[in-house]
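Shown here: input.csv, CSV, N, CA and C atoms.
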```csv
chain,number,residue,atom,x,y,z
J,7,MET,N,0.8,-1.2,0.0
J,7,MET,CA,0.0,0.0,0.0
J,7,MET,C,0.9,1.2,0.0
J,8,PRO,N,0.6,2.2,-0.9
J,8,PRO,CA,1.5,3.4,-1.0
J,8,PRO,C,1.3,4.4,0.1
J,9,VAL,N,0.4,4.3,1.0
J,9,VAL,CA,0.2,5.3,2.1
J,9,VAL,C,0.3,4.5,3.4
J,10,GLN,N,1.2,5.0,4.3
J,10,GLN,CA,1.3,4.5,5.6
J,10,GLN,C,0.7,5.5,6.6
J,11,ARG,N,-0.2,5.1,7.4
J,11,ARG,CA,-0.9,6.0,8.4
J,11,ARG,C,-0.3,5.8,9.8
J,12,VAL,N,0.0,6.9,10.5
J,12,VAL,CA,0.6,6.8,11.8
J,12,VAL,C,-0.1,7.7,12.8
J,13,ASN,N,-0.5,7.2,13.9
J,13,ASN,CA,-1.0,8.0,15.0
J,13,ASN,C,-0.1,7.8,16.2
J,14,PRO,N,0.9,8.6,16.4
J,14,PRO,CA,1.9,8.4,17.4
J,14,PRO,C,1.3,8.5,18.8
J,15,PRO,N,1.8,7.7,19.7
J,15,PRO,CA,1.3,7.7,21.1
J,15,PRO,C,1.5,9.0,21.8
J,16,THR,N,2.4,9.8,21.3
J,16,THR,CA,2.7,11.1,21.9
J,16,THR,C,1.7,12.2,21.5
J,17,LEU,N,0.8,11.9,20.6
J,17,LEU,CA,-0.3,12.8,20.3
J,17,LEU,C,-1.6,12.2,20.8
J,18,ALA,N,-2.6,13.1,21.0
J,18,ALA,CA,-3.9,12.6,21.4
J,18,ALA,C,-4.5,11.8,20.3
J,19,PRO,N,-5.4,10.8,20.5
J,19,PRO,CA,-6.0,10.1,19.5
J,19,PRO,C,-6.8,11.0,18.5
J,20,PRO,N,-6.9,10.7,17.2
J,20,PRO,CA,-7.6,11.5,16.3
J,20,PRO,C,-9.1,11.6,16.8
J,21,ILE,N,-9.7,12.7,16.6
J,21,ILE,CA,-11.1,13.0,17.0
J,21,ILE,C,-12.0,12.0,16.3
J,22,GLN,N,-12.8,11.3,17.0
J,22,GLN,CA,-13.8,10.4,16.4
J,22,GLN,C,-13.1,9.4,15.4
J,23,ASP,N,-11.8,9.2,15.5
J,23,ASP,CA,-11.1,8.3,14.6
J,23,ASP,C,-11.4,8.6,13.1
J,24,LEU,N,-11.5,9.9,12.8
J,24,LEU,CA,-11.9,10.3,11.4
J,24,LEU,C,-10.7,10.6,10.5
J,25,TYR,N,-9.5,10.6,11.1
J,25,TYR,CA,-8.3,10.9,10.3
J,25,TYR,C,-7.1,10.3,10.9
J,26,ALA,N,-5.9,10.4,10.3
J,26,ALA,CA,-4.6,10.0,10.8
J,26,ALA,C,-3.8,11.3,11.0
J,27,HIS,N,-3.0,11.3,12.1
J,27,HIS,CA,-2.2,12.5,12.4
J,27,HIS,C,-1.1,12.6,11.3
J,28,VAL,N,-0.6,11.5,10.8
J,28,VAL,CA,0.5,11.5,9.8
J,28,VAL,C,0.1,10.5,8.7
J,29,ALA,N,0.3,10.9,7.5
J,29,ALA,CA,0.1,10.0,6.3
J,29,ALA,C,1.4,10.1,5.5
J,30,ILE,N,2.1,9.0,5.3
J,30,ILE,CA,3.4,8.9,4.7
J,30,ILE,C,3.2,8.3,3.3
J,31,GLY,N,3.5,9.0,2.2
J,31,GLY,CA,3.4,8.5,0.9
J,31,GLY,C,4.6,7.7,0.5
J,32,THR,N,4.4,6.4,0.2
J,32,THR,CA,5.6,5.6,-0.2
J,32,THR,C,5.5,5.2,-1.7
J,33,GLY,N,4.5,5.7,-2.4
J,33,GLY,CA,4.3,5.4,-3.8
J,33,GLY,C,5.2,6.2,-4.7
J,34,THR,N,4.9,6.1,-6.0
J,34,THR,CA,5.8,6.8,-7.0
J,34,THR,C,5.0,7.8,-7.8
J,35,ARG,N,3.6,7.8,-7.7
J,35,ARG,CA,2.9,8.8,-8.4
J,35,ARG,C,2.0,9.6,-7.4
J,36,PHE,N,2.0,10.9,-7.6
J,36,PHE,CA,1.3,11.8,-6.8
J,36,PHE,C,0.1,12.4,-7.5
J,37,VAL,N,-1.0,12.4,-6.9
J,37,VAL,CA,-2.3,12.9,-7.6
J,37,VAL,C,-2.8,14.0,-6.8
J,38,ALA,N,-3.1,15.1,-7.4
J,38,ALA,CA,-3.7,16.3,-6.8
J,38,ALA,C,-5.1,16.4,-7.3
J,39,ILE,N,-6.1,16.5,-6.5
J,39,ILE,CA,-7.5,16.6,-6.9
J,39,ILE,C,-8.0,18.0,-6.5
J,40,ALA,N,-8.5,18.7,-7.5
J,40,ALA,CA,-9.0,20.1,-7.3
J,40,ALA,C,-10.2,20.0,-6.4
J,41,GLY,N,-10.6,21.1,-5.8
J,41,GLY,CA,-11.7,21.2,-4.9
J,41,GLY,C,-13.0,20.7,-5.6
J,42,GLN,N,-13.7,19.8,-5.0
J,42,GLN,CA,-14.9,19.2,-5.6
J,42,GLN,C,-16.1,19.8,-4.8
J,43,VAL,N,-17.1,20.2,-5.6
J,43,VAL,CA,-18.3,20.8,-5.0
J,43,VAL,C,-19.5,20.0,-5.4
J,44,ALA,N,-20.7,20.4,-5.0
J,44,ALA,CA,-21.9,19.6,-5.2
J,44,ALA,C,-22.5,19.8,-6.5
J,45,THR,N,-21.8,19.7,-7.6
J,45,THR,CA,-22.3,19.7,-8.9
J,45,THR,C,-22.4,18.4,-9.5
J,46,ALA,N,-23.5,18.1,-10.2
J,46,ALA,CA,-23.7,16.8,-10.9
J,46,ALA,C,-22.9,16.9,-12.2
J,47,ALA,N,-22.7,15.8,-12.9
J,47,ALA,CA,-22.0,15.8,-14.2
J,47,ALA,C,-22.4,16.8,-15.2
J,48,ASP,N,-23.7,17.1,-15.2
J,48,ASP,CA,-24.3,18.1,-16.1
J,48,ASP,C,-24.1,19.6,-15.6
J,49,GLY,N,-23.4,19.8,-14.5
J,49,GLY,CA,-23.1,21.1,-13.9
J,49,GLY,C,-24.2,21.6,-13.0
J,50,THR,N,-25.3,20.9,-12.8
J,50,THR,CA,-26.4,21.4,-11.9
J,50,THR,C,-26.0,21.2,-10.5
J,51,LEU,N,-26.4,22.2,-9.6
J,51,LEU,CA,-26.1,22.1,-8.2
J,51,LEU,C,-27.0,21.1,-7.5
J,52,VAL,N,-26.4,20.2,-6.7
J,52,VAL,CA,-27.2,19.2,-6.0
J,52,VAL,C,-27.3,19.7,-4.5
J,53,GLY,N,-28.6,19.7,-4.0
J,53,GLY,CA,-28.8,20.1,-2.6
J,53,GLY,C,-28.7,21.5,-2.3
J,54,PRO,N,-29.3,22.4,-3.1
J,54,PRO,CA,-29.2,23.9,-2.7
J,54,PRO,C,-29.6,24.1,-1.3
J,55,GLY,N,-28.7,24.8,-0.5
J,55,GLY,CA,-29.0,25.2,0.9
J,55,GLY,C,-28.9,24.0,1.9
J,56,ASP,N,-28.5,22.8,1.5
J,56,ASP,CA,-28.4,21.7,2.3
J,56,ASP,C,-27.0,21.2,2.5
J,57,HIS,N,-26.4,21.4,3.6
J,57,HIS,CA,-25.0,21.0,3.8
J,57,HIS,C,-24.8,19.5,3.6
J,58,ALA,N,-25.7,18.7,4.1
J,58,ALA,CA,-25.5,17.2,4.1
J,58,ALA,C,-25.6,16.7,2.6
J,59,LEU,N,-26.6,17.2,1.9
J,59,LEU,CA,-26.7,16.8,0.5
J,59,LEU,C,-25.5,17.2,-0.4
J,60,GLN,N,-25.1,18.5,-0.1
J,60,GLN,CA,-24.0,19.0,-0.8
J,60,GLN,C,-22.7,18.2,-0.5
J,61,ALA,N,-22.5,17.9,0.8
J,61,ALA,CA,-21.4,17.1,1.2
J,61,ALA,C,-21.3,15.7,0.5
J,62,GLU,N,-22.5,15.1,0.4
J,62,GLU,CA,-22.5,13.8,-0.3
J,62,GLU,C,-22.1,13.9,-1.7
J,63,GLN,N,-22.6,14.9,-2.4
J,63,GLN,CA,-22.2,15.1,-3.8
J,63,GLN,C,-20.8,15.5,-4.0
J,64,ALA,N,-20.3,16.3,-3.1
J,64,ALA,CA,-18.8,16.7,-3.2
J,64,ALA,C,-17.9,15.5,-2.9
J,65,PHE,N,-18.3,14.6,-2.0
J,65,PHE,CA,-17.5,13.4,-1.7
J,65,PHE,C,-17.7,12.4,-2.9
J,66,ARG,N,-18.9,12.4,-3.5
J,66,ARG,CA,-19.0,11.5,-4.7
J,66,ARG,C,-18.1,12.0,-5.8
J,67,ASN,N,-18.0,13.3,-6.0
J,67,ASN,CA,-17.1,13.8,-7.0
J,67,ASN,C,-15.7,13.6,-6.7
J,68,LEU,N,-15.3,13.6,-5.4
J,68,LEU,CA,-13.9,13.3,-5.0
J,68,LEU,C,-13.7,11.8,-5.3
J,69,ALA,N,-14.6,10.9,-5.0
J,69,ALA,CA,-14.4,9.5,-5.3
J,69,ALA,C,-14.3,9.3,-6.8
J,70,LEU,N,-15.1,10.0,-7.6
J,70,LEU,CA,-15.0,9.9,-9.1
J,70,LEU,C,-13.6,10.4,-9.6
J,71,ALA,N,-13.2,11.4,-9.0
J,71,ALA,CA,-11.8,12.0,-9.4
J,71,ALA,C,-10.7,11.0,-9.0
J,72,LEU,N,-10.8,10.4,-7.8
J,72,LEU,CA,-9.9,9.4,-7.4
J,72,LEU,C,-9.9,8.2,-8.4
J,73,GLU,N,-11.1,7.7,-8.8
J,73,GLU,CA,-11.2,6.6,-9.7
J,73,GLU,C,-10.6,7.0,-11.1
J,74,ALA,N,-10.8,8.2,-11.5
J,74,ALA,CA,-10.3,8.6,-12.8
J,74,ALA,C,-8.8,8.6,-12.8
J,75,ALA,N,-8.2,8.8,-11.7
J,75,ALA,CA,-6.7,8.7,-11.5
J,75,ALA,C,-6.2,7.3,-11.3
J,76,GLY,N,-7.1,6.3,-11.2
J,76,GLY,CA,-6.7,5.0,-10.9
J,76,GLY,C,-6.5,4.7,-9.5
J,77,ALA,N,-7.1,5.6,-8.6
J,77,ALA,CA,-6.9,5.5,-7.2
J,77,ALA,C,-8.2,5.2,-6.5
J,78,GLY,N,-8.1,4.9,-5.2
J,78,GLY,CA,-9.3,4.6,-4.4
J,78,GLY,C,-9.1,5.3,-3.0
J,79,PRO,N,-10.0,5.1,-2.1
J,79,PRO,CA,-10.0,5.8,-0.9
J,79,PRO,C,-8.7,5.5,0.0
J,80,ASP,N,-8.2,4.3,-0.2
J,80,ASP,CA,-7.0,4.0,0.6
J,80,ASP,C,-5.7,4.7,0.1
J,81,ASP,N,-5.8,5.3,-1.1
J,81,ASP,CA,-4.7,6.0,-1.7
J,81,ASP,C,-4.6,7.5,-1.3
J,82,LEU,N,-5.7,7.9,-0.7
J,82,LEU,CA,-5.8,9.3,-0.3
J,82,LEU,C,-4.9,9.6,0.9
J,83,ILE,N,-4.0,10.6,0.7
J,83,ILE,CA,-3.0,10.9,1.8
J,83,ILE,C,-3.4,12.1,2.5
J,84,LYS,N,-4.1,13.0,1.9
J,84,LYS,CA,-4.5,14.3,2.6
J,84,LYS,C,-5.8,14.8,1.9
J,85,ASN,N,-6.7,15.3,2.7
J,85,ASN,CA,-7.9,16.0,2.2
J,85,ASN,C,-8.2,17.2,3.1
J,86,THR,N,-8.9,18.1,2.5
J,86,THR,CA,-9.3,19.3,3.2
J,86,THR,C,-10.8,19.5,2.8
J,87,ILE,N,-11.6,19.7,3.9
J,87,ILE,CA,-13.0,19.9,3.7
J,87,ILE,C,-13.3,21.4,4.2
J,88,TYR,N,-13.9,22.1,3.2
J,88,TYR,CA,-14.3,23.5,3.5
J,88,TYR,C,-15.8,23.6,3.7
J,89,VAL,N,-16.2,24.2,4.7
J,89,VAL,CA,-17.7,24.2,5.0
J,89,VAL,C,-18.1,25.7,5.3
J,90,VAL,N,-19.0,26.1,4.5
J,90,VAL,CA,-19.5,27.5,4.6
J,90,VAL,C,-20.4,27.5,5.9
J,91,ARG,N,-20.3,28.6,6.7
J,91,ARG,CA,-21.1,28.8,7.9
J,91,ARG,C,-21.0,27.6,8.8
J,92,HIS,N,-19.8,27.1,9.0
J,92,HIS,CA,-19.6,25.9,9.8
J,92,HIS,C,-20.0,26.1,11.2
J,93,ARG,N,-20.6,25.1,11.8
J,93,ARG,CA,-20.9,25.0,13.2
J,93,ARG,C,-20.7,23.6,13.6
J,94,PRO,N,-20.4,23.3,14.9
J,94,PRO,CA,-20.1,22.0,15.3
J,94,PRO,C,-21.1,20.9,14.9
J,95,GLU,N,-22.4,21.2,14.9
J,95,GLU,CA,-23.3,20.2,14.6
J,95,GLU,C,-23.3,19.7,13.1
J,96,LEU,N,-22.5,20.4,12.3
J,96,LEU,CA,-22.3,19.9,10.9
J,96,LEU,C,-21.3,18.9,10.7
J,97,VAL,N,-20.4,18.7,11.7
J,97,VAL,CA,-19.4,17.7,11.6
J,97,VAL,C,-20.0,16.3,11.3
J,98,GLY,N,-20.9,15.9,12.1
J,98,GLY,CA,-21.6,14.6,12.0
J,98,GLY,C,-22.2,14.3,10.6
J,99,PRO,N,-23.1,15.2,10.1
J,99,PRO,CA,-23.7,15.0,8.8
J,99,PRO,C,-22.7,15.0,7.7
J,100,VAL,N,-21.6,15.9,7.8
J,100,VAL,CA,-20.6,15.9,6.7
J,100,VAL,C,-19.9,14.6,6.6
J,101,PHE,N,-19.4,14.0,7.8
J,101,PHE,CA,-18.7,12.8,7.7
J,101,PHE,C,-19.6,11.6,7.5
J,102,ALA,N,-20.9,11.7,7.9
J,102,ALA,CA,-21.9,10.6,7.5
J,102,ALA,C,-22.0,10.6,6.0
J,103,ALA,N,-22.0,11.7,5.3
J,103,ALA,CA,-22.1,11.7,3.9
J,103,ALA,C,-20.9,11.1,3.3
J,104,ALA,N,-19.7,11.3,3.8
J,104,ALA,CA,-18.5,10.7,3.3
J,104,ALA,C,-18.6,9.2,3.5
J,105,GLN,N,-19.1,8.7,4.7
J,105,GLN,CA,-19.2,7.3,4.9
J,105,GLN,C,-20.1,6.6,3.9
J,106,ARG,N,-21.2,7.3,3.6
J,106,ARG,CA,-22.1,6.7,2.6
J,106,ARG,C,-21.5,6.6,1.2
J,107,VAL,N,-20.8,7.7,0.8
J,107,VAL,CA,-20.2,7.6,-0.5
J,107,VAL,C,-19.1,6.6,-0.6
J,108,PHE,N,-18.3,6.5,0.4
J,108,PHE,CA,-17.2,5.6,0.4
J,108,PHE,C,-17.6,4.2,1.0
J,109,GLU,N,-18.9,4.0,1.2
J,109,GLU,CA,-19.4,2.7,1.7
J,109,GLU,C,-18.7,2.2,2.9
J,110,GLY,N,-18.5,3.1,3.9
J,110,GLY,CA,-17.9,2.7,5.2
J,110,GLY,C,-16.4,2.6,5.1
J,111,ARG,N,-15.8,3.0,4.0
J,111,ARG,CA,-14.3,2.9,3.8
J,111,ARG,C,-13.7,4.3,3.8
J,112,TRP,N,-14.3,5.2,4.5
J,112,TRP,CA,-13.7,6.6,4.6
J,112,TRP,C,-12.2,6.5,4.9
J,113,PRO,N,-11.4,7.1,4.1
J,113,PRO,CA,-9.9,7.0,4.3
J,113,PRO,C,-9.5,7.8,5.5
J,114,ARG,N,-8.7,7.2,6.4
J,114,ARG,CA,-8.2,7.9,7.6
J,114,ARG,C,-6.9,8.6,7.1
J,115,SER,N,-7.0,9.5,6.2
J,115,SER,CA,-5.9,10.3,5.7
J,115,SER,C,-5.6,11.5,6.7
J,116,ALA,N,-4.5,12.2,6.4
J,116,ALA,CA,-4.4,13.5,7.1
J,116,ALA,C,-5.5,14.3,6.6
J,117,SER,N,-6.1,15.1,7.5
J,117,SER,CA,-7.3,15.8,7.1
J,117,SER,C,-7.5,17.1,7.9
J,118,THR,N,-8.0,18.1,7.2
J,118,THR,CA,-8.3,19.4,7.8
J,118,THR,C,-9.7,19.8,7.5
J,119,PHE,N,-10.5,20.2,8.5
J,119,PHE,CA,-11.9,20.6,8.3
J,119,PHE,C,-11.9,22.1,8.7
J,120,ILE,N,-12.3,22.9,7.7
J,120,ILE,CA,-12.2,24.3,7.8
J,120,ILE,C,-13.6,25.0,7.6
J,121,GLY,N,-14.0,25.8,8.6
J,121,GLY,CA,-15.1,26.7,8.4
J,121,GLY,C,-14.7,27.9,7.6
J,122,VAL,N,-15.5,28.2,6.6
J,122,VAL,CA,-15.2,29.4,5.7
J,122,VAL,C,-16.4,30.3,5.6
J,123,GLN,N,-16.2,31.5,5.2
J,123,GLN,CA,-17.3,32.5,5.0
J,123,GLN,C,-18.0,32.2,3.7
J,124,SER,N,-17.2,31.9,2.6
J,124,SER,CA,-17.9,31.6,1.4
J,124,SER,C,-16.9,30.8,0.5
J,125,LEU,N,-17.4,30.2,-0.6
J,125,LEU,CA,-16.6,29.5,-1.6
J,125,LEU,C,-16.8,30.3,-2.9
J,126,GLY,N,-16.4,29.6,-4.0
J,126,GLY,CA,-16.3,30.3,-5.3
J,126,GLY,C,-17.7,30.7,-5.9
J,127,SER,N,-18.8,30.1,-5.4
J,127,SER,CA,-20.1,30.4,-5.8
J,127,SER,C,-20.9,30.6,-4.5
J,128,ALA,N,-21.8,31.5,-4.5
J,128,ALA,CA,-22.6,31.8,-3.3
J,128,ALA,C,-23.5,30.6,-2.9
J,129,ASP,N,-23.8,29.7,-3.9
J,129,ASP,CA,-24.6,28.5,-3.7
J,129,ASP,C,-23.9,27.3,-3.1
J,130,TRP,N,-22.5,27.3,-3.2
J,130,TRP,CA,-21.8,26.2,-2.7
J,130,TRP,C,-21.6,26.3,-1.2
J,131,LEU,N,-21.8,25.1,-0.5
J,131,LEU,CA,-21.7,25.1,0.9
J,131,LEU,C,-20.5,24.2,1.4
J,132,ILE,N,-20.1,23.3,0.5
J,132,ILE,CA,-19.0,22.3,0.8
J,132,ILE,C,-18.1,22.2,-0.4
J,133,GLU,N,-16.8,22.1,-0.1
J,133,GLU,CA,-15.8,21.9,-1.1
J,133,GLU,C,-14.8,20.9,-0.5
J,134,VAL,N,-14.3,19.9,-1.2
J,134,VAL,CA,-13.4,18.9,-0.7
J,134,VAL,C,-12.3,18.8,-1.8
J,135,ASP,N,-11.0,18.9,-1.3
J,135,ASP,CA,-9.9,18.6,-2.2
J,135,ASP,C,-9.1,17.5,-1.6
J,136,GLY,N,-8.1,17.0,-2.3
J,136,GLY,CA,-7.3,15.9,-1.8
J,136,GLY,C,-6.1,15.6,-2.6
J,137,TYR,N,-5.2,14.8,-2.0
J,137,TYR,CA,-4.0,14.3,-2.6
J,137,TYR,C,-3.9,12.8,-2.4
J,138,ALA,N,-3.5,12.1,-3.4
J,138,ALA,CA,-3.4,10.7,-3.3
J,138,ALA,C,-2.0,10.3,-3.8
J,139,VAL,N,-1.5,9.1,-3.3
J,139,VAL,CA,-0.2,8.6,-3.7
J,139,VAL,C,-0.5,7.1,-4.3
J,140,LEU,N,0.0,6.9,-5.4
J,140,LEU,CA,-0.1,5.6,-6.1
J,140,LEU,C,1.2,4.9,-6.2
J,141,ALA,N,1.2,3.6,-6.2
J,141,ALA,CA,2.4,2.8,-6.3
J,141,ALA,C,2.9,2.8,-7.8
```
Structure re-expressed in structure tokens:
Amino acid sequence: MPVQRVNPPTLAPPIQDLYAHVAIGTGTRFVAIAGQVATAADGTLVGPGDHALQAEQAFRNLALALEAAGAGPDDLIKNTIYVVRHRPELVGPVFAAAQRVFEGRWPRSASTFIGVQSLGSADWLIEVDGYAVLA
């Protein structure tokens, strides 16, 4: 496997076991995935005004981008989740959407969850980008 995940005992355990503190790429190909938002293949917005529905579509797009690169969730080394008007009660629905898309195989990559004021379009509520390493 081209990604080794480490949670050193000198750091507190990852919150809700949703990520790894350290992800080490040992592969030979590096894949960068642009920020994915809640747009369907035809460009229409999925889930206007709904963080959970938009998260599910954004993660679906991330999964499709990984697949297009010949990668899967285990190859993801880093992801960043941007959430407009973030509040703590959105963490659960956002990660539940990821679990649905990845069918319970959400990658425990290095991860950052950031609340933001806005994204590239006023209608977008969630954006997810990532990096993968392939053998």
Item checked: Residues within 6 Å of segment 100-107 of chain J, all atoms listed in the file, excluding chain neighbours under 6 positions, as number ranges by chain -> J: 58, 61-62, 65-66
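The smallest atom-to-atom distance between Ile87 of chain J and any of J:Leu140, J:Ile30, J:Val9, J:Val134, using all atoms listed in the file, is found for J:Val134.
Here atom C of Val37 of chain J is placed at a distance of 12.9 Å from atom C of Asn67 of chain J.
Residue nearest Gln123 of chain J within the list J:Arg91, J:Leu24, J:Val12, J:Phe108: J:Arg91 [criterion: smallest interatomic distance, all atoms listed in the file].
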Checklist line | Neighbour residues at most 12 Å from (-3.2, 11.5, 8.9) (only C-alpha atoms) as a VMD selection string | finding: chain J and resid 9 to 14 17 19 to 21 23 to 31 80 82 to 86 113 to 118 137
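Taking only C-alpha atoms into account, Phe119 of chain J lies nearest to J:Tyr88 out of the set J:Tyr88, J:Thr16, J:Glu133, J:Ala141.
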Just need the box for segment 21-39 of chain J, edges along x, y and z, holding every atom the file lists for it with 3 Å tacked onto each side, so centre and edge lengths in Å to one decimal, as AutoDock Vina command-line options.
```
--center_x -4.0 --center_y 11.6 --center_z 4.3 --size_x 25.6 --size_y 18.8 --size_z 31.4
```
Notebook entry, point to check: Where in segment 91-134 of chain J does DSSP assign helix (DSSP H, G or I), given as number ranges by chain?
Noted result: J: 94-107
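If you measure from each of J:Ser124, J:Thr32, J:Gln22, J:Gln63 to Thr45 of chain J using all atoms listed in the file, the closest one turns out to be J:Gln63.
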